[in-house]
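Trainee: Sharing a structure with you now.
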Amino acid sequence: MAIARSIVELAVAAAEKEGATRIVKVNVLAGELRGIIPAQLIMCFGLMSENTPASGAHLSLRITPLVGRCMKCEEDFTVKDSRFTCPRCQGQDVQMVSGTELRVVDIDVE
Ligand SMILES: [Zn+2]
């Protein structure tokens, strides 16, 4: 619900900046770590956007995988099953590169 609300807020702010009155489509990039269930988010988005310029807008969701970077050998790798171990050097010092972001990439307006 909180995520849906931020998406609506971001989209409405972007539409206002463009002087648009109605949002047709919202393209969202969400990190895997956000644990988003697309069908649920789309439903929440529909509820949260009621009585806003985003009402009735189509939510297009793209999930980005969780990527870690080894601080020892600087290898980037996809984290699977919460295994934060570098596949190259087995290092444990891993920093998240992507997977936590939530971004409205762009919106289509009328
Ligand atoms: Zn490494």
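Naming scheme: A, B, ... for chains in displayed order of the structure tokens; residues 1 onward per chain; ligands 1 onward as shown.
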Show me which residues sit within 10 Å of ligand 1 when counting only C-alpha atoms and all ligand atoms, and put them as a ChimeraX atom specification.
Mentor: /A:69-77,85-94
Trainee: Could those selected residues go to a file with C-alpha atoms, as a PDB file, in the first residue's frame?
Mentor:
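Produced file selection_31.pdb, reproduced below:
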ATOM      1  CA  ARG A  69      29.059  -5.923  -5.869  1.00  0.00           C
ATOM      2  CA  CYS A  70      31.992  -7.590  -4.183  1.00  0.00           C
ATOM      3  CA  MET A  71      34.080  -4.996  -2.346  1.00  0.00           C
ATOM      4  CA  LYS A  72      37.174  -7.156  -2.679  1.00  0.00           C
ATOM      5  CA  CYS A  73      37.341  -7.953  -6.406  1.00  0.00           C
ATOM      6  CA  GLU A  74      34.621  -5.550  -7.643  1.00  0.00           C
ATOM      7  CA  GLU A  75      32.663  -8.319  -9.333  1.00  0.00           C
ATOM      8  CA  ASP A  76      28.977  -7.577  -9.964  1.00  0.00           C
ATOM      9  CA  PHE A  77      26.663 -10.541  -9.622  1.00  0.00           C
ATOM     10  CA  THR A  85      28.781 -14.359  -1.342  1.00  0.00           C
ATOM     11  CA  CYS A  86      30.947 -13.339  -4.293  1.00  0.00           C
ATOM     12  CA  PRO A  87      30.939 -16.112  -6.908  1.00  0.00           C
ATOM     13  CA  ARG A  88      34.460 -15.181  -8.004  1.00  0.00           C
ATOM     14  CA  CYS A  89      36.452 -14.827  -4.790  1.00  0.00           C
ATOM     15  CA  GLN A  90      33.893 -16.069  -2.235  1.00  0.00           C
ATOM     16  CA  GLY A  91      34.175 -12.687  -0.511  1.00  0.00           C
ATOM     17  CA  GLN A  92      31.500 -11.798   2.023  1.00  0.00           C
ATOM     18  CA  ASP A  93      31.904  -8.039   1.796  1.00  0.00           C
ATOM     19  CA  VAL A  94      29.088  -7.345  -0.637  1.00  0.00           C
TER      20      VAL A  94
END
Trainee: Considering only C-alpha atoms, return as an MDAnalysis selection string whatever protein or nucleic-acid residues lie within 8 Å of region 48-58 of chain A, sequence-local ones (same chain, fewer than 6 positions apart) excluded.
Mentor: chainID A and resid 4:5 8 11:12 15 21:26
Trainee: Using only C-alpha atoms, can you tell me which of A:Leu102, A:Ala20, A:Met43, A:Ile37 comes closest to Thr64 (chain A)?
Mentor: A:Leu102
Trainee: For a quick check of understanding, using only C-alpha atoms, which of A:Ile42, A:Asn27, A:Gly99, A:Glu16 has the smallest distance to Ser60 (chain A)?
Mentor: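 Counting only C-alpha atoms, the residue closest to Ser60 (chain A) is A:Asn27.
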Trainee: As a count of residues only, please: every residue in chain A that a backbone DSSP assignment puts in strand (DSSP E).
Mentor: 36
Trainee: Could you please write out, as a PyMOL selection string, every residue of chain A that DSSP assigns to alpha helix (DSSP H)?
Mentor: chain A and resi 2-17+38-48
Trainee: Go ahead and save the picked residues with C-alpha atoms, as a compact mmCIF listing (two decimals), in the first residue's frame.
Mentor:
# COMPACT_ATOMS: atom_id res chain seq x y z
CA ALA A 2 2.77 2.44 0.94
CA ILE A 3 4.56 1.67 -2.29
CA ALA A 4 1.41 2.23 -4.32
CA ARG A 5 0.93 5.57 -2.60
CA SER A 6 4.47 6.73 -3.41
CA ILE A 7 4.03 5.72 -7.03
CA VAL A 8 0.80 7.72 -7.27
CA GLU A 9 2.48 10.72 -5.60
CA LEU A 10 5.51 10.56 -7.89
CA ALA A 11 3.37 10.18 -10.99
CA VAL A 12 1.03 13.03 -10.03
CA ALA A 13 3.99 15.30 -9.26
CA ALA A 14 5.51 14.48 -12.65
CA ALA A 15 2.20 15.17 -14.42
CA GLU A 16 1.82 18.52 -12.65
CA LYS A 17 5.30 19.51 -13.78
CA PRO A 38 2.67 -7.17 -9.21
CA ALA A 39 -1.04 -8.05 -9.20
CA GLN A 40 -1.40 -6.73 -5.66
CA LEU A 41 0.47 -3.52 -6.41
CA ILE A 42 -1.60 -2.87 -9.52
CA MET A 43 -4.76 -3.31 -7.47
CA CYS A 44 -3.51 -0.97 -4.73
CA PHE A 45 -2.43 1.55 -7.34
CA GLY A 46 -5.96 1.52 -8.73
CA LEU A 47 -7.37 2.27 -5.29
CA MET A 48 -4.80 4.91 -4.34
Trainee: Find the residue from A:Leu59, A:Ala30, A:Met1, A:Gly35 that sits nearest to Asp108 (chain A); use only C-alpha atoms when measuring.
Mentor: A:Leu59
Trainee: Need the shell around Pro65 (chain A): protein/DNA/RNA residues with any atom at most 9 Å away, counting only C-alpha atoms. Skip same-chain ones fewer than 4 positions apart. Format as a PyMOL selection string?
Mentor: chain A and resi 30-33+78-79+98-99
Trainee: Print the selection's residues with N, CA and C atoms to a file, as a compact mmCIF listing (two decimals), in the first residue's frame.
Mentor:
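Contents of the output file selection21.txt:
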# COMPACT_ATOMS: atom_id res chain seq x y z
N ALA A 30 11.01 -1.31 -10.21
CA ALA A 30 11.04 -1.67 -8.80
C ALA A 30 12.04 -2.79 -8.56
N GLY A 31 12.83 -2.64 -7.52
CA GLY A 31 13.82 -3.64 -7.17
C GLY A 31 13.17 -4.89 -6.60
N GLU A 32 13.81 -6.00 -6.89
CA GLU A 32 13.31 -7.30 -6.44
C GLU A 32 13.16 -7.35 -4.92
N LEU A 33 14.07 -6.67 -4.23
CA LEU A 33 14.09 -6.71 -2.77
C LEU A 33 12.88 -6.05 -2.14
N THR A 78 24.39 -11.31 -9.68
CA THR A 78 23.00 -11.38 -9.26
C THR A 78 22.90 -12.21 -7.99
N VAL A 79 22.23 -11.66 -7.01
CA VAL A 79 22.08 -12.38 -5.74
C VAL A 79 20.87 -13.28 -5.82
N SER A 98 21.81 -2.85 -7.03
CA SER A 98 20.42 -2.59 -7.37
C SER A 98 19.56 -3.67 -6.75
N GLY A 99 18.26 -3.40 -6.74
CA GLY A 99 17.34 -4.36 -6.15
C GLY A 99 16.47 -3.73 -5.08
Trainee: In terms of the shortest atom-to-atom distance over only C-alpha atoms, which of A:Gln95, A:Thr100, A:Lys80, A:Arg62 is closest to Arg34 (chain A)?
Mentor: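 That would be A:Thr100, the residue with the smallest distance to Arg34 (chain A).
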